[in-house]
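Below is one structure; the comments refer to it alone.
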Protein chains: 2
Amino acid sequence: MKKIINNNINIVDDMLSGYVKSHSDRVKFSEINKRIICRKNKKQFNKVPILIGNGSGHEPIAVGWVGEGMLDANIVGDIFSAPSGDLIFEGIKIFKDHSSILLLISNHSGDVMNGEMAIEMAEDENINAKCLIMYDDIASAPKGNEAQRRGGAGTTFVYKILGALSEKGADIKQLLSLGKQIIDNTRTLSVAISPGTSPITGEKIFSIKEDEIFIGMGVHGESGYGRQKIQPSKKIISFMLDKIFDDFNYKSGDIVIPFVNGSGSTTLMELLIIFNDLEEYLSKYNIQIFKPLINEYITTQDSGGFSISLLNSSEEMRKLWLEPSSVPYFHL
Amino acid sequence: MKKIINNNINIVDDMLSGYVKSHSDRVKFSEINKRIICRKNKKQFNKVPILIGNGSGHEPIAVGWVGEGMLDANIVGDIFSAPSGDLIFEGIKIFKDHSSILLLISNHSGDVMNGEMAIEMAEDENINAKCLIMYDDIASAPKGNEAQRRGGAGTTFVYKILGALSEKGADIKQLLSLGKQIIDNTRTLSVAISPGTSPITGEKIFSIKEDEIFIGMGVHGESGYGRQKIQPSKKIISFMLDKIFDDFNYKSGDIVIPFVNGSGSTTLMELLIIFNDLEEYLSKYNIQIFKPLINEYITTQDSGGFSISLLNSSEEMRKLWLEPSSVPYFHL
């Protein structure tokens with residue numbers, strides 16, 4: 001297997017060790033468990049803490065987003081595996097002296113099951129932890145069944161905007177309310193181009209023909225709209241945005257924040273071309289673009305592919321989107 | 001070819017269009033030529049302008065580094081091709097009213113030839129443009145012949161530190177002097193793991209066996225120390241750092257800035273593991289680490305691989321390394 005690792009048992013721990021060493025100005029291991037990464041606080045810590053548990057192998061998400069203005073802690077699972085309910089609960093307990101705690105959960109079965117288990121364990125100990133289940137991938141469930149959709153790259157809007165809001169001293173009710181608004185106004189669609197390699201098994205994660213792409217595949221190879229012959233970028237983007245526009249009722253004058261995410265081996269060159277095509281499509285409908293995010297943030301190892309996420313934004317969301325953050329791997 | 005592009009003629013222009021649209025708060029096309037990307041200025045522009053011309057296909061370098069605190073303009077060549085001398089001269093002429101201009105050149109034959117031609121054209125019109133040729137790749141020429149070495153990822157130290165110094169109002173003499181010091185104290189060694197695909201031809205850039213890596217290959221496939229069987233990360237890093245330590249006389253107590261760069265499809269997970277191993281190696285020699293840079297910055301499309309660059313730093317360099325910069329794609 002061509003991965004630069006020491007062995008496939010210590011991958012996550014070696015990675016976290018490198019991460020904490022390299023960004024020790026901003027992040028640290030929790031005192032209780034090295035699979036929980038916490039932010040270092042520069043100022044008095046009187047905000048609602050925001051946590052997320054997620055599987056590894058998708059870096060920089062979510063460990064790269066720990067810091068001022070985004071996450072207070074990340075509970076880190078094994079490669080492609082949600083952390084256990086016990087571990088997430090350990091993460092929550094770190095903040096037990098706070099009047100409330102927010103656990104974000106991207107809608108994948110393991111993450112939801114373990115996250116909800118941790119919330120119940122917290123309730124049993126009178127810790128006020130609430131969860132927000134995030135979903136956005138239109139290929140994973142039809143219109144009308146939005147809450148069954150997978151969490152995709154569009155969850156990034158929740159992390160960033162709620163991170164900024166909590167920094168300003170918002171309470172849990174305000175956070176949950178704005179979080180729900182963001183989810184309701186976010187749509188994501190992804191394309192898989194070539195499979196990444198599992199660092200555990202050395203096997204390709206899925207298979208696809210040399211002249212095909214797969215529209216709507218989930219980050220773990222889950223099914224979506226199916227295979228197509230590869231076409232010029234403009235045609236692919238037009239197909240994807242037609243699907244998104246069928247799903248959400250955009251109106252002339254709407255102000256949208258776009259996020260073009262690369263899956264691992266898709267070049268920034270391509271992501272910028274994709275953004276160029278996306279901008280042309282939106283401008284035809286008189287939809288304005290507000291400060292886009294373009295890079296590799298939610299990856300699946302060295303997979304080729306990308307996703308487009310659109311947040312139909314309010315003024316409050318746009319303001320919070322631009323708030324400064326000190327996290328190592330999120331940059332507008 | 002599995003690239004998300006519209007056609008292989010407009011790749012660079014489509015990409016630049018996407019780039020300027022997405023970061024229009026910080027960058028713009030020059031008025032004279034859409035292959036010259038300039039920074040937008042927030043304050044009075046009375047610094048020595050810093051320019052670089054380079055081939056495309058290696059993004060985010062160098063176009064992603066245009067902005068306050070780094071580059072004033074990037075003259076953009078075709079895929080893997082230096083811009084012409086005429087085009088570089090057009091870029092220089094934009095700043096002809098300045099008392100001096102600095103053109104950075106990464107040591108590759110096309111870049112040097114065309115850059116030096118542009119400098120001569122400037123001299124003929126009484127424009128005071130100087131160039132600084134940057135080199136750092138120890139695999140490309142032996143100790144004693146440092147000036148024959150290729151420019152590798154370690155040139156990043158020059159961009160960032162001189163960018164910060166020029167922002168403070170330094171003159172051309174100070175910039176050239178510190179630039180030379182940085183080059184003298186920088187060493188880089190790279191590893192190629194798997195070939196990227198040329199977006200022009202659709203062909204793989206080089207070939208390598210499934211169980212082999214190539215130590216010291218240049219970003220265009222140039223030869224270096226040769227092929228080896230793949231090994232655990234610690235062994236590869238140890239081999240590489242032994243070579244760097246043979247080349248440069250590090251002393252206990254030295255303070256080094258490390259840069260671990262990914263070539264395109266190597267995961268952040270791997271880059272962090274590499275950094276972890278690098279930190280362990282340096283600590284054995286009592287060499288301190290100062291704020292490392294770890295991510296994909298100098299890529300060759302979807303190539304697998306990485307490089308390690310070390311700058312043995314002075315206090316002035318470290319201070320300038322940390323100076324804020326507003327460029328879209330450089331983040332400590």
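To be explicit about the labels: the chains of the structure tokens are called A, B, and onward in the order shown, and within each one the residues are counted from 1, while ligands get numbers from 1 in the order they are shown.
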Exercise. Name all residues at most 12 Å from Phe275 in chain B (count only C-alpha atoms; drop same-chain ones fewer than 6 positions away) and give them as a PyMOL selection string.
Key: (chain A and resi 4-5+14-23) or (chain B and resi 233-234+236-238+241+257-262+268-269+281-282+289+291-295+306-310)
Exercise. Could you please write out, as an NGL selection string, every residue of range 95-215 of chain B that DSSP assigns to alpha helix (DSSP H)?
Key: :B and (109-124 or 155-167 or 172-184)
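Residue nearest Glu279 in chain A, chosen from A:Ile298, A:Leu162, A:Val256, A:Val27 and counting only C-alpha atoms: A:Val256.
With only C-alpha atoms as the basis for measurement, A:Gln231 is the residue among A:Thr186, A:Asn249, A:Gln231, A:Ser283 that approaches chain B most closely.
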Quiz item: Contacts of Lys319 in chain A at 10 Å or less, counting only C-alpha atoms, minus same-chain residues fewer than 4 places along, as a PyMOL selection string?
Solution: chain A and resi 161+164-165+313-315+323
Restricting it to N, CA and C atoms, dump the selection as a PDB file, in the first residue's frame.
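again_39.pdb, written as the output of this step:
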ATOM      1  N   ILE A 161     -20.585  29.019  11.015  1.00  0.00           N
ATOM      2  CA  ILE A 161     -21.503  30.098  11.408  1.00  0.00           C
ATOM      3  C   ILE A 161     -21.918  29.945  12.870  1.00  0.00           C
ATOM      4  N   ALA A 164     -18.992  30.943  15.083  1.00  0.00           N
ATOM      5  CA  ALA A 164     -18.881  32.401  15.249  1.00  0.00           C
ATOM      6  C   ALA A 164     -19.975  32.935  16.173  1.00  0.00           C
ATOM      7  N   LEU A 165     -21.178  32.388  16.055  1.00  0.00           N
ATOM      8  CA  LEU A 165     -22.293  32.866  16.892  1.00  0.00           C
ATOM      9  C   LEU A 165     -22.051  32.536  18.361  1.00  0.00           C
ATOM     10  N   SER A 313     -28.383  32.489   1.894  1.00  0.00           N
ATOM     11  CA  SER A 313     -27.973  33.088   3.168  1.00  0.00           C
ATOM     12  C   SER A 313     -28.826  34.270   3.609  1.00  0.00           C
ATOM     13  N   SER A 314     -28.906  34.451   4.923  1.00  0.00           N
ATOM     14  CA  SER A 314     -29.469  35.669   5.520  1.00  0.00           C
ATOM     15  C   SER A 314     -28.309  36.621   5.832  1.00  0.00           C
ATOM     16  N   GLU A 315     -28.655  37.851   6.149  1.00  0.00           N
ATOM     17  CA  GLU A 315     -27.609  38.821   6.479  1.00  0.00           C
ATOM     18  C   GLU A 315     -26.809  38.363   7.706  1.00  0.00           C
ATOM     19  N   GLU A 323     -16.719  36.274  10.087  1.00  0.00           N
ATOM     20  CA  GLU A 323     -16.043  36.517  11.369  1.00  0.00           C
ATOM     21  C   GLU A 323     -14.694  35.796  11.389  1.00  0.00           C
TER      22      GLU A 323
END
Self-check item: Non-local contacts of Phe330 in chain A (9 Å; only C-alpha atoms; under 3 positions in same chain excluded) as a PyMOL selection string
Solution: (chain A and resi 60+64-65+160+293+297+325-327) or (chain B and resi 331)
Quiz item: Residues of range 7-215 of chain B in strand (DSSP E) according to DSSP, as a VMD selection string?
Solution: chain B and resid 27 to 29 36 to 39 50 to 56 73 to 79 101 to 106 129 to 134 186 to 194 212 to 215
Quiz item: Do you know which residues are at most 9 Å from Asn33 in chain A counting only C-alpha atoms, after dropping those on the same chain fewer than 5 positions away, and could you put them as number ranges by chain?
Solution: A: 87, 90-91
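With CA of Gly152 in chain B on one side and CA of Ser109 in chain B on the other, the separation reads 13.3 Å.
One distance worth recording is that between CA of Thr266 in chain B and CA of Ile37 in chain A, which is 23.1 Å.
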Self-check item: Proximity to chain A - best of B:Ile193, B:Val48, B:Leu104, B:Leu132, only C-alpha atoms
Solution: B:Ile193
Quiz item: range 197-210 of chain B: which residues within 9 Å, counting only C-alpha atoms, same-chain residues fewer than 3 positions away excluded, as a ChimeraX atom specification?
Solution: /A:1-2 /B:1-3,5,7-9,11,57,79-80,192-194,213-214,220-221,227,300-303
